[in-house]
file model04.cif (mmCIF, C-alpha atoms)
data_final
#
loop_
_atom_site.label_atom_id
_atom_site.label_comp_id
_atom_site.auth_asym_id
_atom_site.auth_seq_id
_atom_site.Cartn_x
_atom_site.Cartn_y
_atom_site.Cartn_z
CA MET A 285 0.00 0.00 0.00
CA THR A 286 1.30 3.45 -0.90
CA GLY A 287 0.16 6.82 0.30
CA PRO A 288 1.32 10.28 1.32
CA VAL A 289 4.62 10.55 3.15
CA LEU A 290 4.58 12.75 6.24
CA LEU A 291 7.44 15.21 5.80
CA ALA A 292 9.48 16.74 8.63
CA HIS A 293 12.14 19.36 8.00
CA ASP A 294 12.94 20.30 11.59
CA ILE A 295 12.72 18.86 15.09
CA SER A 296 9.31 20.34 15.94
CA GLU A 297 7.82 18.83 12.78
CA LEU A 298 9.53 15.52 13.57
CA ASP A 299 8.11 15.56 17.09
CA ALA A 300 4.64 16.06 15.62
CA VAL A 301 5.14 13.14 13.23
CA ARG A 302 6.47 10.93 16.01
CA ALA A 303 3.50 11.86 18.24
CA LYS A 304 1.07 10.96 15.46
CA LEU A 305 2.72 7.58 14.90
CA GLY A 306 2.70 6.95 18.64
CA ALA A 307 -0.97 7.92 18.92
CA ASP A 308 -1.74 5.41 16.19
CA GLY A 309 0.06 2.77 18.26
CA ARG A 310 2.59 2.07 15.52
CA THR A 311 6.10 0.81 16.20
CA VAL A 312 8.77 2.68 14.24
CA ALA A 313 11.67 1.47 12.11
CA LEU A 314 14.26 4.07 11.07
CA VAL A 315 16.23 3.85 7.83
CA PRO A 316 18.99 6.51 7.96
CA THR A 317 20.20 7.51 4.49
CA MET A 318 22.13 10.24 2.73
CA GLY A 319 19.60 10.21 -0.10
CA ALA A 320 20.28 9.24 -3.74
CA LEU A 321 18.10 6.24 -2.98
CA HIS A 322 18.49 3.03 -5.01
CA GLU A 323 17.41 -0.61 -4.87
CA GLY A 324 19.58 -1.19 -1.82
CA HIS A 325 17.63 1.46 0.06
CA ARG A 326 14.37 -0.05 -1.16
CA ALA A 327 15.47 -3.34 0.40
CA LEU A 328 16.11 -1.55 3.70
CA ILE A 329 12.70 0.11 3.58
CA ARG A 330 10.92 -3.14 2.77
CA ARG A 331 12.62 -4.87 5.67
CA ALA A 332 11.73 -1.92 7.91
CA ARG A 333 8.07 -2.32 7.01
CA GLU A 334 8.26 -6.02 7.86
CA LEU A 335 9.68 -5.26 11.30
CA ALA A 336 7.55 -2.31 12.39
CA GLY A 337 4.24 -0.61 11.86
CA ALA A 338 5.81 2.49 10.32
CA ALA A 339 8.99 3.06 8.33
CA VAL A 340 10.69 6.43 8.77
CA VAL A 341 13.46 7.40 6.35
CA SER A 342 15.94 10.16 7.16
CA ILE A 343 17.65 11.92 4.26
CA PHE A 344 20.68 13.94 5.31
CA VAL A 345 24.08 14.31 3.68
CA ASN A 346 26.18 14.51 6.82
CA PRO A 347 29.17 16.84 6.36
CA ARG A 348 30.91 15.47 9.46
CA GLN A 349 31.63 12.11 7.90
CA PHE A 350 33.42 13.56 4.86
CA GLY A 351 37.10 14.35 5.08
CA PRO A 352 39.08 17.06 3.25
CA GLY A 353 39.09 16.43 -0.49
CA GLU A 354 36.22 13.92 -0.33
CA ASP A 355 33.01 14.22 -2.34
CA PHE A 356 30.70 16.11 0.00
CA GLU A 357 29.97 18.90 -2.49
CA ARG A 358 29.32 16.58 -5.43
CA TYR A 359 27.55 13.84 -3.48
CA PRO A 360 24.28 13.24 -5.39
CA ARG A 361 21.27 15.05 -4.00
CA THR A 362 18.01 13.84 -5.56
CA LEU A 363 15.37 14.74 -2.99
CA GLU A 364 12.28 14.73 -5.21
CA THR A 365 13.15 11.31 -6.63
CA ASP A 366 13.97 10.06 -3.13
CA LEU A 367 10.58 11.14 -1.80
CA GLU A 368 8.84 9.45 -4.72
CA ILE A 369 10.66 6.22 -3.88
CA CYS A 370 9.56 6.63 -0.27
CA ARG A 371 5.96 7.01 -1.42
CA GLU A 372 6.21 3.95 -3.66
CA GLU A 373 7.61 1.86 -0.82
CA GLY A 374 4.95 2.87 1.69
CA VAL A 375 7.19 4.96 3.94
CA ALA A 376 5.18 6.62 6.70
CA ALA A 377 7.43 9.65 7.17
CA ALA A 378 10.63 11.24 5.93
CA PHE A 379 12.90 13.42 8.06
CA VAL A 380 14.77 15.81 5.77
CA PRO A 381 16.77 18.18 7.99
CA SER A 382 19.24 20.85 6.92
CA VAL A 383 22.76 21.08 8.31
CA ASP A 384 21.59 23.91 10.59
CA VAL A 385 18.86 21.69 12.04
CA MET A 386 21.22 18.82 12.77
CA TYR A 387 24.09 21.05 13.95
CA PRO A 388 22.52 24.30 15.19
CA ASP A 389 25.58 25.14 17.29
CA GLU A 390 29.21 24.18 17.33
CA GLN A 391 29.28 20.44 17.99
CA VAL A 392 31.54 20.33 21.07
CA VAL A 393 30.63 16.84 22.26
CA THR A 394 30.88 14.04 19.69
CA VAL A 395 30.98 10.26 19.70
CA SER A 396 34.48 8.79 19.53
CA SER A 397 34.81 5.60 17.52
CA GLY A 398 37.88 4.59 19.52
CA PRO A 399 40.41 2.00 18.33
CA MET A 400 37.74 0.11 16.39
CA GLY A 401 37.26 3.18 14.21
CA ALA A 402 40.96 3.62 13.47
CA VAL A 403 41.43 0.55 11.24
CA PHE A 404 40.48 -0.21 7.65
CA GLU A 405 37.97 2.51 6.66
CA GLY A 406 38.94 4.55 9.70
CA ALA A 407 42.63 4.41 8.77
CA HIS A 408 41.92 5.66 5.26
CA ARG A 409 39.29 8.20 6.33
CA PRO A 410 40.40 9.65 9.69
CA GLY A 411 37.48 11.00 11.68
CA HIS A 412 34.92 9.37 9.39
CA PHE A 413 33.41 7.07 11.99
CA ASP A 414 33.28 9.80 14.62
CA GLY A 415 31.08 11.72 12.21
CA VAL A 416 28.96 8.67 11.37
CA LEU A 417 28.38 7.65 14.98
CA THR A 418 27.61 11.20 16.07
CA VAL A 419 24.93 11.73 13.44
CA VAL A 420 23.45 8.26 13.91
CA LEU A 421 23.15 8.80 17.67
CA LYS A 422 21.48 12.17 17.06
CA LEU A 423 19.01 10.57 14.62
CA LEU A 424 18.24 7.75 17.05
CA ASN A 425 17.61 10.25 19.83
CA LEU A 426 15.40 12.42 17.61
CA VAL A 427 13.32 9.72 15.92
CA ARG A 428 13.28 7.30 18.88
CA PRO A 429 12.73 4.19 16.73
CA ASP A 430 12.18 0.67 17.97
CA VAL A 431 14.57 -0.66 15.32
CA ALA A 432 17.08 0.97 12.96
CA LEU A 433 18.26 -0.63 9.73
CA PHE A 434 21.64 -0.40 7.99
CA GLY A 435 23.09 -2.12 4.94
CA GLN A 436 25.65 -4.87 5.40
CA LYS A 437 27.71 -3.42 2.52
CA ASP A 438 29.06 -0.90 5.03
CA GLY A 439 30.23 -3.70 7.27
CA GLN A 440 32.51 -1.72 9.56
CA GLN A 441 29.90 1.00 9.96
CA LEU A 442 27.28 -1.59 10.91
CA ALA A 443 29.60 -3.22 13.45
CA MET A 444 30.44 0.15 15.00
CA ILE A 445 26.81 1.27 15.24
CA ARG A 446 25.94 -1.99 16.98
CA ARG A 447 28.84 -1.48 19.37
CA MET A 448 27.81 2.12 20.07
CA ALA A 449 24.24 1.08 20.82
CA ARG A 450 25.50 -1.59 23.21
CA ASP A 451 28.19 0.51 24.89
CA LEU A 452 25.96 3.57 25.34
CA ASN A 453 22.80 1.64 26.24
CA VAL A 454 20.81 3.07 23.35
CA PRO A 455 17.36 1.44 23.53
CA VAL A 456 17.11 0.41 19.89
CA ARG A 457 17.53 -2.81 17.95
CA ILE A 458 20.09 -2.56 15.14
CA GLU A 459 19.25 -4.68 12.11
CA GLY A 460 21.62 -5.40 9.20
CA VAL A 461 20.18 -5.97 5.73
CA PRO A 462 22.07 -8.00 3.08
CA THR A 463 23.91 -6.20 0.29
CA VAL A 464 22.00 -5.69 -2.94
CA ARG A 465 24.07 -6.09 -6.10
CA GLU A 466 23.87 -5.12 -9.74
CA PRO A 467 23.56 -8.02 -12.22
CA GLY A 468 27.35 -8.12 -12.69
CA GLY A 469 27.97 -8.34 -8.94
CA LEU A 470 28.91 -4.74 -8.14
CA ALA A 471 27.45 -3.75 -4.78
CA LEU A 472 24.85 -1.03 -5.16
CA SER A 473 26.08 2.37 -3.99
CA SER A 474 25.03 5.95 -4.59
CA ARG A 475 28.58 6.53 -5.79
CA ASN A 476 28.26 3.98 -8.61
CA ARG A 477 26.73 6.73 -10.75
CA TYR A 478 30.16 8.39 -10.86
CA LEU A 479 31.63 5.43 -12.80
CA SER A 480 32.17 5.47 -16.55
CA ALA A 481 31.45 2.27 -18.49
CA GLU A 482 35.16 1.40 -18.47
CA GLU A 483 35.54 2.16 -14.77
CA ARG A 484 32.49 0.06 -13.96
CA GLU A 485 34.06 -2.91 -15.75
CA THR A 486 37.22 -2.55 -13.66
CA ALA A 487 35.19 -2.11 -10.48
CA LEU A 488 33.63 -5.56 -10.95
CA ALA A 489 36.95 -6.94 -9.67
CA LEU A 490 35.87 -6.12 -6.11
CA SER A 491 33.02 -8.61 -6.08
CA ARG A 492 35.09 -11.14 -8.07
CA ALA A 493 37.83 -10.93 -5.46
CA LEU A 494 35.34 -11.49 -2.67
CA ARG A 495 33.83 -14.49 -4.42
CA ALA A 496 37.30 -15.93 -5.00
CA GLY A 497 38.16 -15.51 -1.34
CA GLU A 498 34.86 -17.02 -0.25
CA SER A 499 35.50 -20.05 -2.45
CA ALA A 500 38.81 -20.63 -0.64
CA ALA A 501 37.31 -20.47 2.87
CA ALA A 502 37.71 -24.22 3.41
CA GLU A 503 41.48 -23.79 3.07
CA GLY A 504 41.87 -21.21 5.83
CA PRO A 505 42.63 -17.47 6.18
CA ALA A 506 45.83 -17.39 4.13
CA ALA A 507 44.15 -19.05 1.18
CA VAL A 508 41.19 -16.65 1.35
CA LEU A 509 43.45 -13.60 1.22
CA ALA A 510 45.67 -15.05 -1.49
CA ALA A 511 42.69 -15.81 -3.72
CA GLY A 512 41.28 -12.33 -3.29
CA ARG A 513 44.63 -10.62 -3.87
CA ALA A 514 45.18 -12.52 -7.10
CA VAL A 515 42.01 -11.02 -8.58
CA LEU A 516 42.83 -7.53 -7.33
CA ASP A 517 46.40 -7.72 -8.64
CA GLU A 518 45.08 -8.52 -12.09
CA ALA A 519 42.64 -5.60 -11.90
CA ALA A 520 45.51 -3.29 -10.96
CA ARG A 521 46.87 -3.90 -14.47
CA ALA A 522 43.55 -3.13 -16.18
CA ARG A 523 42.76 0.07 -18.04
CA PRO A 524 41.61 1.97 -16.12
CA PRO A 525 43.42 0.34 -13.19
CA LEU A 526 42.07 -0.58 -9.79
CA ALA A 527 43.94 1.09 -6.91
CA VAL A 528 43.43 -1.06 -3.80
CA ASP A 529 43.28 0.59 -0.38
CA TYR A 530 42.98 -2.66 1.55
CA LEU A 531 41.91 -6.29 1.53
CA GLY A 532 41.41 -7.79 4.98
CA LEU A 533 39.89 -10.73 6.78
CA VAL A 534 38.34 -9.66 10.06
CA ASP A 535 36.16 -10.62 12.96
CA PRO A 536 32.74 -9.24 11.92
CA ASP A 537 32.01 -7.86 15.40
CA SER A 538 35.31 -6.25 16.39
CA PHE A 539 36.98 -5.72 12.99
CA ALA A 540 40.20 -7.12 14.40
CA GLU A 541 42.12 -9.07 11.79
CA VAL A 542 41.72 -12.80 12.28
CA THR A 543 44.70 -14.96 13.19
CA PRO A 544 46.05 -17.63 10.82
CA GLU A 545 44.46 -20.23 13.11
CA HIS A 546 41.02 -18.60 13.17
CA ARG A 547 38.00 -20.81 12.60
CA GLY A 548 34.36 -19.81 12.31
CA ARG A 549 32.75 -16.53 11.26
CA ALA A 550 34.78 -13.90 9.42
CA LEU A 551 34.27 -11.00 7.04
CA LEU A 552 36.37 -10.44 3.94
CA VAL A 553 36.53 -6.68 3.33
CA VAL A 554 37.89 -4.65 0.43
CA ALA A 555 38.16 -1.01 -0.58
CA ALA A 556 39.58 0.39 -3.81
CA ARG A 557 39.48 3.34 -6.16
CA VAL A 558 38.66 3.41 -9.84
CA GLY A 559 39.39 6.79 -11.30
CA ALA A 560 38.05 9.33 -8.78
CA THR A 561 35.51 6.93 -7.26
CA ARG A 562 36.14 4.98 -4.08
CA LEU A 563 34.16 1.80 -3.47
CA ILE A 564 33.90 -0.69 -0.61
CA ASP A 565 32.48 -4.19 -0.36
CA ASN A 566 32.57 -7.28 1.84
CA VAL A 567 31.36 -10.85 2.09
CA PRO A 568 30.71 -12.97 5.21
CA LEU A 569 32.25 -16.41 5.24
CA THR A 570 32.98 -19.32 7.55
CA LEU A 571 36.59 -20.49 7.95
CA GLU A 572 36.77 -24.22 8.33
CA ARG A 573 40.47 -24.97 8.75
#
call {"tool": "encode", "arguments": {"input": "model04.cif", "output": "structure tokens"}}
result
Amino acid sequence: MTGPVLLAHDISELDAVRAKLGADGRTVALVPTMGALHEGHRALIRRARELAGAAVVSIFVNPRQFGPGEDFERYPRTLETDLEICREEGVAAAFVPSVDVMYPDEQVVTVSSGPMGAVFEGAHRPGHFDGVLTVVLKLLNLVRPDVALFGQKDGQQLAMIRRMARDLNVPVRIEGVPTVREPGGLALSSRNRYLSAEERETALALSRALRAGESAAAEGPAAVLAAGRAVLDEAARARPPLAVDYLGLVDPDSFAEVTPEHRGRALLVVAARVGATRLIDNVPLTLER
């Protein structure tokens, strides 16, 4: 069922929306986004509607999670299309704040991501996770959802949000939703629209590397990494080339690198650049020996 989407631009409007949903006795699922919605976001919204009586989508390009020289200014902003997608997917309400609404004063107190936020993505984007966790905590406090949903493509982000909710006793359930992929295997991302046809072909090496590593899981951690690196090394010689930031095999909860003797759950993570576009991806696997 589709219908009108209640729209909130500021906190007073959001409070009114939240009061209406509460008066209707509806549980709330929050889907935080930066807009430029795609099929991956639709999957999040659909899961949100399965878990709660009302899905609320936030659309906010958060400046605090972009570093110097990153793509904050050119990040796609497609609000009208985003709201139409929300309507099509039966979203109850959308929270669309400005920067001044989210950060009305100098933000003196922020959330620190700690050592867990200093590795992999955090090492390549210093301060990124502090910005992510700060805005997510603000959104959780403002919307007060029963459950909040995040894509598993951003594996380190998901792990850190879960840890923040646990460490800070945030009364919300954090739900991860599986990665949605294009037909060729490329993980859906709002940044995929930056890619030329040639760059997109090179970028397919990320998912190929993950599949190769996953296929080697029965042989242990070293084999997983070797299989993934072989694919990435070949892509580094492509035209245009793939420039790899990292390939790692980690504990999915702590993001500590697994030991050579590790058995059980693990996450194979990768990040790379094609031209001016930076992409990340991951795949869960089970190490058997």
call {"tool": "atom_distance", "arguments": {"input": "model04.cif", "atom1": "CA of Leu569 (chain A)", "atom2": "CA of Gly548 (chain A)"}}
result
8.1 Å
call {"tool": "residues_around", "arguments": {"input": "model04.cif", "residues": "Glu364 (chain A)", "least_positions_apart": "6", "cutoff": "12 Å", "atoms": "only C-alpha atoms", "output": "PyMOL selection string"}}
result
chain A and resi 319-321+343+370-371+378+380
call {"tool": "residues_around", "arguments": {"input": "model04.cif", "residues": "Leu433 (chain A)", "least_positions_apart": "4", "cutoff": "12 Å", "atoms": "all atoms listed in the file", "output": "ChimeraX atom specification"}}
result
/A:312-317,324-336,339-342,420,424,429,438,441-442,445-446,456-462
call {"tool": "write_last_selection", "arguments": {"input": "model04.cif", "atoms": "C-alpha atoms", "output": "JSON list (two decimals), keeping the file's coordinate frame"}}
result
[["chain", "number", "residue", "atom", "x", "y", "z"],
["A", 312, "VAL", "CA", 8.77, 2.68, 14.24],
["A", 313, "ALA", "CA", 11.67, 1.47, 12.11],
["A", 314, "LEU", "CA", 14.26, 4.07, 11.07],
["A", 315, "VAL", "CA", 16.23, 3.85, 7.83],
["A", 316, "PRO", "CA", 18.99, 6.51, 7.96],
["A", 317, "THR", "CA", 20.20, 7.51, 4.49],
["A", 324, "GLY", "CA", 19.58, -1.19, -1.82],
["A", 325, "HIS", "CA", 17.63, 1.46, 0.06],
["A", 326, "ARG", "CA", 14.37, -0.05, -1.16],
["A", 327, "ALA", "CA", 15.47, -3.34, 0.40],
["A", 328, "LEU", "CA", 16.11, -1.55, 3.70],
["A", 329, "ILE", "CA", 12.70, 0.11, 3.58],
["A", 330, "ARG", "CA", 10.92, -3.14, 2.77],
["A", 331, "ARG", "CA", 12.62, -4.87, 5.67],
["A", 332, "ALA", "CA", 11.73, -1.92, 7.91],
["A", 333, "ARG", "CA", 8.07, -2.32, 7.01],
["A", 334, "GLU", "CA", 8.26, -6.02, 7.86],
["A", 335, "LEU", "CA", 9.68, -5.26, 11.30],
["A", 336, "ALA", "CA", 7.55, -2.31, 12.39],
["A", 339, "ALA", "CA", 8.99, 3.06, 8.33],
["A", 340, "VAL", "CA", 10.69, 6.43, 8.77],
["A", 341, "VAL", "CA", 13.46, 7.40, 6.35],
["A", 342, "SER", "CA", 15.94, 10.16, 7.16],
["A", 420, "VAL", "CA", 23.45, 8.26, 13.91],
["A", 424, "LEU", "CA", 18.24, 7.75, 17.05],
["A", 429, "PRO", "CA", 12.73, 4.19, 16.73],
["A", 438, "ASP", "CA", 29.06, -0.90, 5.03],
["A", 441, "GLN", "CA", 29.90, 1.00, 9.96],
["A", 442, "LEU", "CA", 27.28, -1.59, 10.91],
["A", 445, "ILE", "CA", 26.81, 1.27, 15.24],
["A", 446, "ARG", "CA", 25.94, -1.99, 16.98],
["A", 456, "VAL", "CA", 17.11, 0.41, 19.89],
["A", 457, "ARG", "CA", 17.53, -2.81, 17.95],
["A", 458, "ILE", "CA", 20.09, -2.56, 15.14],
["A", 459, "GLU", "CA", 19.25, -4.68, 12.11],
["A", 460, "GLY", "CA", 21.62, -5.40, 9.20],
["A", 461, "VAL", "CA", 20.18, -5.97, 5.73],
["A", 462, "PRO", "CA", 22.07, -8.00, 3.08]]
call {"tool": "resolve_selection", "arguments": {"input": "model04.cif", "expression": "the PyMOL selection byres ((chain A and resi 359) around 10)", "output": "PyMOL selection string"}}
result
chain A and resi 318-320+345+354-358+360-362+474-475+478
call {"tool": "resolve_selection", "arguments": {"input": "model04.cif", "expression": "the PyMOL selection byres ((chain A and resi 481-494) around 8)", "output": "ChimeraX atom specification"}}
result
/A:468-471,476,479-480,495-498,511-516,519,522-526,552-556,558-559,564-567
call {"tool": "atom_distance", "arguments": {"input": "model04.cif", "atom1": "CA of Val528 (chain A)", "atom2": "CA of Arg557 (chain A)"}}
result
6.4 Å
call {"tool": "residues_around", "arguments": {"input": "model04.cif", "residues": "region 505-509 of chain A", "least_positions_apart": "5", "cutoff": "8 Å", "atoms": "all atoms listed in the file", "output": "list of chain:residue names"}}
result
A:Ala496, A:Gly497, A:Glu498, A:Ser499, A:Ala500, A:Leu531, A:Gly532, A:Leu533, A:Val542, A:Thr543, A:Pro544, A:Glu545, A:His546, A:Leu571
call {"tool": "write_last_selection", "arguments": {"input": "model04.cif", "atoms": "C-alpha atoms", "output": "CSV table (one decimal), keeping the file's coordinate frame"}}
result
chain,number,residue,atom,x,y,z
A,496,ALA,CA,37.3,-15.9,-5.0
A,497,GLY,CA,38.2,-15.5,-1.3
A,498,GLU,CA,34.9,-17.0,-0.2
A,499,SER,CA,35.5,-20.0,-2.4
A,500,ALA,CA,38.8,-20.6,-0.6
A,531,LEU,CA,41.9,-6.3,1.5
A,532,GLY,CA,41.4,-7.8,5.0
A,533,LEU,CA,39.9,-10.7,6.8
A,542,VAL,CA,41.7,-12.8,12.3
A,543,THR,CA,44.7,-15.0,13.2
A,544,PRO,CA,46.0,-17.6,10.8
A,545,GLU,CA,44.5,-20.2,13.1
A,546,HIS,CA,41.0,-18.6,13.2
A,571,LEU,CA,36.6,-20.5,8.0
call {"tool": "closest_residue", "arguments": {"input": "model04.cif", "among": "A:Val419, A:Leu291, A:Leu367, A:Val427", "to": "Val393 (chain A)", "atoms": "only C-alpha atoms"}}
result
A:Val419
call {"tool": "closest_residue", "arguments": {"input": "model04.cif", "among": "A:Gly435, A:Pro568, A:Pro455, A:Pro352", "to": "Ala501 (chain A)", "atoms": "all atoms listed in the file"}}
result
A:Pro568
call {"tool": "closest_residue", "arguments": {"input": "model04.cif", "among": "A:Ser382, A:Thr570, A:Asn346, A:Ser473", "to": "Glu323 (chain A)", "atoms": "all atoms listed in the file"}}
result
A:Ser473
call {"tool": "atom_distance", "arguments": {"input": "model04.cif", "atom1": "CA of Gln391 (chain A)", "atom2": "CA of Gln440 (chain A)"}}
result
23.9 Å
call {"tool": "closest_residue", "arguments": {"input": "model04.cif", "among": "A:His322, A:Arg348, A:Arg465, A:Arg477", "to": "Leu417 (chain A)", "atoms": "only C-alpha atoms"}}
result
A:Arg348
call {"tool": "residues_around", "arguments": {"input": "model04.cif", "residues": "Thr311 (chain A)", "least_positions_apart": "6", "cutoff": "7 Å", "atoms": "all atoms listed in the file", "output": "PDB file with C-alpha atoms, in the coordinates of the input"}}
result
ATOM      1  CA  ALA A 336       7.550  -2.310  12.390  1.00  0.00           C
ATOM      2  CA  GLY A 337       4.240  -0.610  11.860  1.00  0.00           C
ATOM      3  CA  ALA A 338       5.810   2.490  10.320  1.00  0.00           C
ATOM      4  CA  ASP A 430      12.180   0.670  17.970  1.00  0.00           C
TER       5      ASP A 430
END
call {"tool": "residues_near_point", "arguments": {"input": "model04.cif", "point": "(21.5, 20.0, 11.4)", "cutoff": "12 Å", "atoms": "all atoms listed in the file", "output": "PyMOL selection string"}}
result
chain A and resi 293-295+343-348+379-391+418-419+422-423+426
call {"tool": "residues_around", "arguments": {"input": "model04.cif", "residues": "Phe539 (chain A)", "least_positions_apart": "6", "cutoff": "8 Å", "atoms": "only C-alpha atoms", "output": "list of chain:residue names"}}
result
A:Met400, A:Val403, A:Gln440, A:Ala443
call {"tool": "closest_residue", "arguments": {"input": "model04.cif", "among": "A:Glu405, A:Pro399, A:Arg428, A:Gly351", "to": "Asp299 (chain A)", "atoms": "only C-alpha atoms"}}
result
A:Arg428
call {"tool": "closest_residue", "arguments": {"input": "model04.cif", "among": "A:Ser538, A:Pro467, A:Ala307, A:Gly353", "to": "Ser397 (chain A)", "atoms": "all atoms listed in the file"}}
result
A:Ser538
call {"tool": "decode", "arguments": {"input": "model04.cif", "residues": "region 297-364 of chain A", "atoms": "C-alpha atoms", "output": "mmCIF file, in the first residue's frame"}}
result
data_model
loop_
_atom_site.group_PDB
_atom_site.id
_atom_site.type_symbol
_atom_site.label_atom_id
_atom_site.label_comp_id
_atom_site.auth_asym_id
_atom_site.auth_seq_id
_atom_site.Cartn_x
_atom_site.Cartn_y
_atom_site.Cartn_z
ATOM 1 C CA GLU A 297 7.818 18.827 12.775
ATOM 2 C CA LEU A 298 9.531 15.523 13.569
ATOM 3 C CA ASP A 299 8.106 15.564 17.091
ATOM 4 C CA ALA A 300 4.636 16.055 15.619
ATOM 5 C CA VAL A 301 5.136 13.139 13.233
ATOM 6 C CA ARG A 302 6.466 10.931 16.010
ATOM 7 C CA ALA A 303 3.503 11.863 18.238
ATOM 8 C CA LYS A 304 1.069 10.959 15.457
ATOM 9 C CA LEU A 305 2.721 7.581 14.898
ATOM 10 C CA GLY A 306 2.700 6.951 18.642
ATOM 11 C CA ALA A 307 -0.975 7.924 18.924
ATOM 12 C CA ASP A 308 -1.737 5.412 16.193
ATOM 13 C CA GLY A 309 0.065 2.765 18.257
ATOM 14 C CA ARG A 310 2.594 2.073 15.522
ATOM 15 C CA THR A 311 6.101 0.812 16.200
ATOM 16 C CA VAL A 312 8.765 2.675 14.244
ATOM 17 C CA ALA A 313 11.672 1.474 12.114
ATOM 18 C CA LEU A 314 14.260 4.072 11.066
ATOM 19 C CA VAL A 315 16.232 3.845 7.828
ATOM 20 C CA PRO A 316 18.990 6.507 7.964
ATOM 21 C CA THR A 317 20.200 7.513 4.489
ATOM 22 C CA MET A 318 22.130 10.236 2.728
ATOM 23 C CA GLY A 319 19.596 10.210 -0.104
ATOM 24 C CA ALA A 320 20.277 9.242 -3.736
ATOM 25 C CA LEU A 321 18.096 6.240 -2.977
ATOM 26 C CA HIS A 322 18.494 3.031 -5.013
ATOM 27 C CA GLU A 323 17.410 -0.605 -4.872
ATOM 28 C CA GLY A 324 19.579 -1.192 -1.818
ATOM 29 C CA HIS A 325 17.633 1.459 0.059
ATOM 30 C CA ARG A 326 14.368 -0.045 -1.164
ATOM 31 C CA ALA A 327 15.466 -3.343 0.397
ATOM 32 C CA LEU A 328 16.109 -1.552 3.697
ATOM 33 C CA ILE A 329 12.698 0.106 3.584
ATOM 34 C CA ARG A 330 10.918 -3.135 2.768
ATOM 35 C CA ARG A 331 12.617 -4.871 5.669
ATOM 36 C CA ALA A 332 11.733 -1.917 7.909
ATOM 37 C CA ARG A 333 8.070 -2.319 7.005
ATOM 38 C CA GLU A 334 8.262 -6.016 7.858
ATOM 39 C CA LEU A 335 9.681 -5.261 11.300
ATOM 40 C CA ALA A 336 7.547 -2.306 12.395
ATOM 41 C CA GLY A 337 4.242 -0.615 11.859
ATOM 42 C CA ALA A 338 5.808 2.494 10.325
ATOM 43 C CA ALA A 339 8.994 3.062 8.331
ATOM 44 C CA VAL A 340 10.688 6.433 8.770
ATOM 45 C CA VAL A 341 13.456 7.402 6.346
ATOM 46 C CA SER A 342 15.940 10.156 7.164
ATOM 47 C CA ILE A 343 17.647 11.916 4.257
ATOM 48 C CA PHE A 344 20.681 13.937 5.308
ATOM 49 C CA VAL A 345 24.082 14.309 3.678
ATOM 50 C CA ASN A 346 26.181 14.506 6.816
ATOM 51 C CA PRO A 347 29.174 16.836 6.364
ATOM 52 C CA ARG A 348 30.906 15.473 9.463
ATOM 53 C CA GLN A 349 31.625 12.105 7.897
ATOM 54 C CA PHE A 350 33.417 13.558 4.864
ATOM 55 C CA GLY A 351 37.103 14.353 5.080
ATOM 56 C CA PRO A 352 39.083 17.058 3.250
ATOM 57 C CA GLY A 353 39.090 16.430 -0.490
ATOM 58 C CA GLU A 354 36.221 13.919 -0.335
ATOM 59 C CA ASP A 355 33.012 14.216 -2.341
ATOM 60 C CA PHE A 356 30.696 16.109 -0.002
ATOM 61 C CA GLU A 357 29.967 18.898 -2.488
ATOM 62 C CA ARG A 358 29.325 16.582 -5.432
ATOM 63 C CA TYR A 359 27.553 13.844 -3.479
ATOM 64 C CA PRO A 360 24.279 13.244 -5.391
ATOM 65 C CA ARG A 361 21.266 15.047 -3.999
ATOM 66 C CA THR A 362 18.008 13.838 -5.557
ATOM 67 C CA LEU A 363 15.369 14.741 -2.989
ATOM 68 C CA GLU A 364 12.278 14.725 -5.209
#
